Amino acid sequence: MRKPGSTLITTAGMAFAAVLGLLLSLAGPSTGKAEAADGGIHVSDGRVVEGNGNAFVMRGVNHAYTWYPEQTSSIADIAAKGANTVRVVLGSGGRWTKTNASQVSTLIEQCKENKVICVLEVHDTTGYGEDGAATSLDQAADYWISVKSALEGQEDYVVVNIGNEPFGNTNYTAWTDATKAAITKLRGAGIDHALMVDAPNWGQDWSGTMRSNAASVFASDPDRNTIFSIHMYGVYDTAAEVQDYLNAFVGNGLPIVVGEFGDQHSDGNPDEDAIMATAQSLGIGYIGWSWSGNGSGVEYLDMVNGFDPNSLTSWGDRFFNGSNGIAATSKTATVYGGGDDGGDDDGSTGGTAPNGYPYCVNGSASDPDGDGWGWENSRSCVVPGRLAPNGYPYCANGSASDPDGDGWGWENSRSCVVRGSAADR
């Protein structure tokens, strides 16, 4: 999101329908599934996991710290609602007052005290190329290096979201090279955290730029520890659009989270039910926008009124208490003693597949034959993103495996489901 009070873009919604059919298919990294070295929050087999290898599914809230630094209880209030992640808006000094290293340290300590994972993001990059006040990803990388002292040793608790919505709808094709360069700069400076990168087009990627280039961006990270973040507002106003985008990443073993979304927006009406249900079904994270403080026509995005945790808005009530919401799906990170370390008798991993089986703690490591079914804790489990809700594996070759177009294909001597088809229900 932009800072409250900014004019909102409508171009994305108009262009999406024309562009969607032209999006290129993702190819997985040349080394196979997305994989990073162990230690701290990291990527393993295309999923976000903790240092102990336990799957971590973000269920979080965005908090506009840089505009409301006086709201010192917000992280605690968000945690008390059950969120396991807080995405914190910072300023790098280009457009908004710089959040210095001491402040970053305080924010991280607040996250740790309240047992939530901190996703820290620089907001000054919002709409770069279209908004003349925005700063570049290269400048954002310089900011992270300047506060490195606050980040060191916090890899278990912090994800570095390099820059919020780093390109608008102008010159957005520069996103790929700029993102790779920022990742390279941060790794060269010794920042070893999981990195998160937002999509261009004001975060909504209606052009498919991030979708088409994610594999090469991931491969450019020497640590193989980059998480992709899509922001879902008016461009994602149907379940099909939501499912198509998220399935493209999951199906190709690339880590994806919904870093922002709301229940309505001036550029269209996002399908928040589909966003939350699809994220839960695929075992991927979501972070809603935002706790409080929106203004100038987008106050409806506030989850609570006036930063009062006892005054939920309709959006806040739906987000926290509704179907696939925080109360029903959020699990505290195991680094804080929550979640599940894979040793419990029930084999829970923070969710159950639509077919009723638990998700596998260790992902495809539990699935030697690659059929989407694993074996853990003396029972079958489902590898997230591998099976359709009806329990059949997805077709690796999509509709190419389905000559009669009914949504059912045939691969490896068995039936498979084409993602997004009528059979994928």
# chains A, B, ... in the order shown; residues from 1 in each chain; ligands from 1
call {"tool": "residues_around", "arguments": {"residues": "A:Met1", "least_positions_apart": "3", "cutoff": "9 Å", "atoms": "only C-alpha atoms", "output": "VMD selection string"}}
result
chain A and resid 4 8 123 126 164 to 165 202 to 203 231 260 to 261 289
call {"tool": "residues_around", "arguments": {"residues": "stretch 94-107 of chain A", "least_positions_apart": "6", "cutoff": "7 Å", "atoms": "only C-alpha atoms", "output": "ChimeraX atom specification"}}
result
/A:124,133-135,147,149-150
call {"tool": "closest_residue", "arguments": {"among": "A:Arg47, A:Lys331, A:Arg379, A:Arg414", "to": "A:Arg224", "atoms": "only C-alpha atoms"}}
result
A:Arg47
call {"tool": "closest_residue", "arguments": {"among": "A:Pro368, A:Gly316, A:Gly93, A:Pro358", "to": "A:Asp142", "atoms": "only C-alpha atoms"}}
result
A:Gly93
call {"tool": "residues_around", "arguments": {"residues": "A:Ser311", "least_positions_apart": "5", "cutoff": "12 Å", "atoms": "only C-alpha atoms", "output": "PyMOL selection string"}}
result
chain A and resi 77+81+291-292+302-306+316-317
call {"tool": "residues_around", "arguments": {"residues": "A:Gly127", "least_positions_apart": "4", "cutoff": "8 Å", "atoms": "only C-alpha atoms", "output": "PyMOL selection string"}}
result
chain A and resi 131+134+165-169+200-202
call {"tool": "write_last_selection", "arguments": {"atoms": "C-alpha atoms", "output": "PDB file, in the first residue's frame"}}
result
ATOM      1  CA  ASP A 131       6.032   8.109  -8.192  1.00  0.00           C
ATOM      2  CA  ALA A 134       9.972   6.981  -4.383  1.00  0.00           C
ATOM      3  CA  GLU A 165       5.994  -2.326  -4.043  1.00  0.00           C
ATOM      4  CA  PRO A 166       9.295  -1.255  -5.625  1.00  0.00           C
ATOM      5  CA  PHE A 167       7.959  -0.323  -9.067  1.00  0.00           C
ATOM      6  CA  GLY A 168       4.716   1.257 -10.198  1.00  0.00           C
ATOM      7  CA  ASN A 169       3.344   0.858 -13.723  1.00  0.00           C
ATOM      8  CA  PRO A 200       6.149  -4.530  -9.292  1.00  0.00           C
ATOM      9  CA  ASN A 201       2.961  -2.848 -10.577  1.00  0.00           C
ATOM     10  CA  TRP A 202       2.274  -1.445  -7.110  1.00  0.00           C
TER      11      TRP A 202
END
call {"tool": "residues_around", "arguments": {"residues": "A:Val89", "least_positions_apart": "6", "cutoff": "7 Å", "atoms": "only C-alpha atoms", "output": "list in words"}}
result
His63, Ala64, Tyr65, Thr66, Leu120, Glu121, Val122 and His123 of chain A
call {"tool": "closest_residue", "arguments": {"among": "A:Asn225, A:Ser399, A:Asn269, A:Asn114", "to": "A:Thr238", "atoms": "only C-alpha atoms"}}
result
A:Asn269
call {"tool": "closest_residue", "arguments": {"among": "A:Pro384, A:Ala328, A:Glu299, A:Thr226", "to": "A:Ala365", "atoms": "only C-alpha atoms"}}
result
A:Pro384
call {"tool": "select_by_dssp", "arguments": {"residues": "stretch 53-235 of chain A", "states": "helix (DSSP H, G or I)", "output": "ChimeraX atom specification"}}
result
/A:65-67,74-80,101-113,137-146,148-151,172-188,209-220
call {"tool": "select_by_dssp", "arguments": {"residues": "stretch 133-369 of chain A", "states": "strand (DSSP E or B)", "output": "PyMOL selection string"}}
result
chain A and resi 158-161+194-198+226-232+256-261+286-288+304+312+352+358-359
call {"tool": "write_last_selection", "arguments": {"atoms": "N, CA, C and O atoms", "output": "compact mmCIF listing (two decimals), in the first residue's frame"}}
result
# COMPACT_ATOMS: atom_id res chain seq x y z
N VAL A 158 13.64 -12.62 12.12
CA VAL A 158 13.45 -11.48 11.21
C VAL A 158 13.56 -11.90 9.75
O VAL A 158 14.48 -12.64 9.38
N VAL A 159 12.63 -11.41 8.95
CA VAL A 159 12.71 -11.49 7.49
C VAL A 159 12.89 -10.07 6.97
O VAL A 159 12.18 -9.15 7.40
N VAL A 160 13.84 -9.87 6.07
CA VAL A 160 14.12 -8.54 5.51
C VAL A 160 13.37 -8.40 4.18
O VAL A 160 13.72 -9.02 3.18
N ASN A 161 12.32 -7.61 4.20
CA ASN A 161 11.52 -7.30 3.00
C ASN A 161 12.17 -6.07 2.35
O ASN A 161 11.98 -4.94 2.82
N ALA A 194 16.60 -14.43 5.64
CA ALA A 194 15.65 -14.63 4.56
C ALA A 194 15.26 -13.26 4.03
O ALA A 194 14.96 -12.34 4.80
N LEU A 195 15.31 -13.11 2.70
CA LEU A 195 14.91 -11.86 2.07
C LEU A 195 13.52 -12.04 1.46
O LEU A 195 13.18 -13.11 0.97
N MET A 196 12.74 -10.98 1.49
CA MET A 196 11.44 -10.98 0.84
C MET A 196 11.45 -9.89 -0.22
O MET A 196 11.94 -8.79 0.02
N VAL A 197 10.92 -10.21 -1.40
CA VAL A 197 10.87 -9.22 -2.49
C VAL A 197 9.43 -9.06 -2.95
O VAL A 197 8.74 -10.03 -3.22
N ASP A 198 8.98 -7.80 -3.01
CA ASP A 198 7.64 -7.48 -3.48
C ASP A 198 7.61 -7.41 -5.00
O ASP A 198 8.61 -7.08 -5.65
N THR A 226 15.31 -16.44 -0.86
CA THR A 226 14.47 -15.30 -1.21
C THR A 226 13.02 -15.75 -1.30
O THR A 226 12.71 -16.76 -1.94
N ILE A 227 12.14 -15.01 -0.64
CA ILE A 227 10.70 -15.28 -0.62
C ILE A 227 10.01 -14.22 -1.47
O ILE A 227 10.31 -13.03 -1.36
N PHE A 228 9.05 -14.61 -2.29
CA PHE A 228 8.33 -13.68 -3.15
C PHE A 228 7.02 -13.25 -2.49
O PHE A 228 6.34 -14.06 -1.86
N SER A 229 6.69 -11.97 -2.65
CA SER A 229 5.50 -11.42 -2.01
C SER A 229 4.62 -10.74 -3.05
O SER A 229 5.06 -9.82 -3.74
N ILE A 230 3.37 -11.17 -3.13
CA ILE A 230 2.39 -10.56 -4.01
C ILE A 230 1.37 -9.80 -3.16
O ILE A 230 0.97 -10.27 -2.10
N HIS A 231 0.99 -8.61 -3.60
CA HIS A 231 -0.03 -7.83 -2.92
C HIS A 231 -1.32 -7.95 -3.72
O HIS A 231 -1.33 -7.72 -4.93
N MET A 232 -2.40 -8.34 -3.05
CA MET A 232 -3.64 -8.66 -3.75
C MET A 232 -4.73 -7.67 -3.38
O MET A 232 -5.30 -7.72 -2.29
N ILE A 256 6.16 -18.31 -1.95
CA ILE A 256 5.31 -17.15 -2.18
C ILE A 256 4.48 -16.88 -0.93
O ILE A 256 4.05 -17.81 -0.25
N VAL A 257 4.27 -15.60 -0.62
CA VAL A 257 3.33 -15.19 0.42
C VAL A 257 2.49 -14.06 -0.14
O VAL A 257 2.90 -13.36 -1.08
N VAL A 258 1.31 -13.89 0.43
CA VAL A 258 0.49 -12.72 0.12
C VAL A 258 0.86 -11.67 1.16
O VAL A 258 0.42 -11.72 2.31
N GLY A 259 1.69 -10.71 0.76
CA GLY A 259 2.25 -9.77 1.70
C GLY A 259 1.32 -8.65 2.11
O GLY A 259 1.51 -8.03 3.15
N GLU A 260 0.30 -8.39 1.28
CA GLU A 260 -0.75 -7.42 1.61
C GLU A 260 -2.02 -7.84 0.91
O GLU A 260 -1.99 -8.37 -0.21
N PHE A 261 -3.16 -7.59 1.54
CA PHE A 261 -4.47 -7.68 0.88
C PHE A 261 -5.50 -7.07 1.80
O PHE A 261 -5.26 -6.86 3.00
N TYR A 286 -0.04 -15.41 4.60
CA TYR A 286 -0.69 -14.16 4.22
C TYR A 286 -0.53 -13.15 5.35
O TYR A 286 -0.44 -13.50 6.52
N ILE A 287 -0.48 -11.86 4.95
CA ILE A 287 -0.33 -10.75 5.89
C ILE A 287 -1.31 -9.66 5.47
O ILE A 287 -1.17 -9.08 4.40
N GLY A 288 -2.32 -9.41 6.27
CA GLY A 288 -3.37 -8.47 5.89
C GLY A 288 -2.96 -7.03 6.12
O GLY A 288 -2.18 -6.70 7.00
N VAL A 304 -8.70 -2.31 13.14
CA VAL A 304 -9.27 -1.80 14.39
C VAL A 304 -9.42 -0.29 14.26
O VAL A 304 -8.71 0.36 13.50
N LEU A 312 -12.75 -3.78 16.91
CA LEU A 312 -12.56 -4.36 15.58
C LEU A 312 -13.51 -3.74 14.58
O LEU A 312 -14.68 -3.51 14.87
N THR A 352 -4.32 -28.76 7.77
CA THR A 352 -4.76 -30.03 7.21
C THR A 352 -5.12 -29.81 5.75
O THR A 352 -5.75 -28.81 5.41
N PRO A 358 -3.05 -34.71 7.12
CA PRO A 358 -2.15 -33.64 7.57
C PRO A 358 -1.12 -33.31 6.49
O PRO A 358 -0.77 -34.17 5.68
N TYR A 359 -0.64 -32.07 6.49
CA TYR A 359 0.47 -31.72 5.62
C TYR A 359 1.77 -32.30 6.20
O TYR A 359 1.94 -32.41 7.41
call {"tool": "closest_residue", "arguments": {"among": "A:Gly285, A:Gly163, A:Gly322, A:Gly374", "to": "A:Ala182", "atoms": "only C-alpha atoms"}}
result
A:Gly163
call {"tool": "residues_around", "arguments": {"residues": "A:Gly325", "least_positions_apart": "5", "cutoff": "9 Å", "atoms": "only C-alpha atoms", "output": "NGL selection string"}}
result
:A and (59 or 276-277 or 318-320 or 330)
call {"tool": "atom_distance", "arguments": {"atom1": "atom CA of A:Gly60", "atom2": "atom CA of A:Gly293"}}
result
16.7 Å
call {"tool": "closest_residue", "arguments": {"among": "A:His193, A:Lys112, A:Lys148, A:Arg211", "to": "A:Trp175", "atoms": "only C-alpha atoms"}}
result
A:Arg211
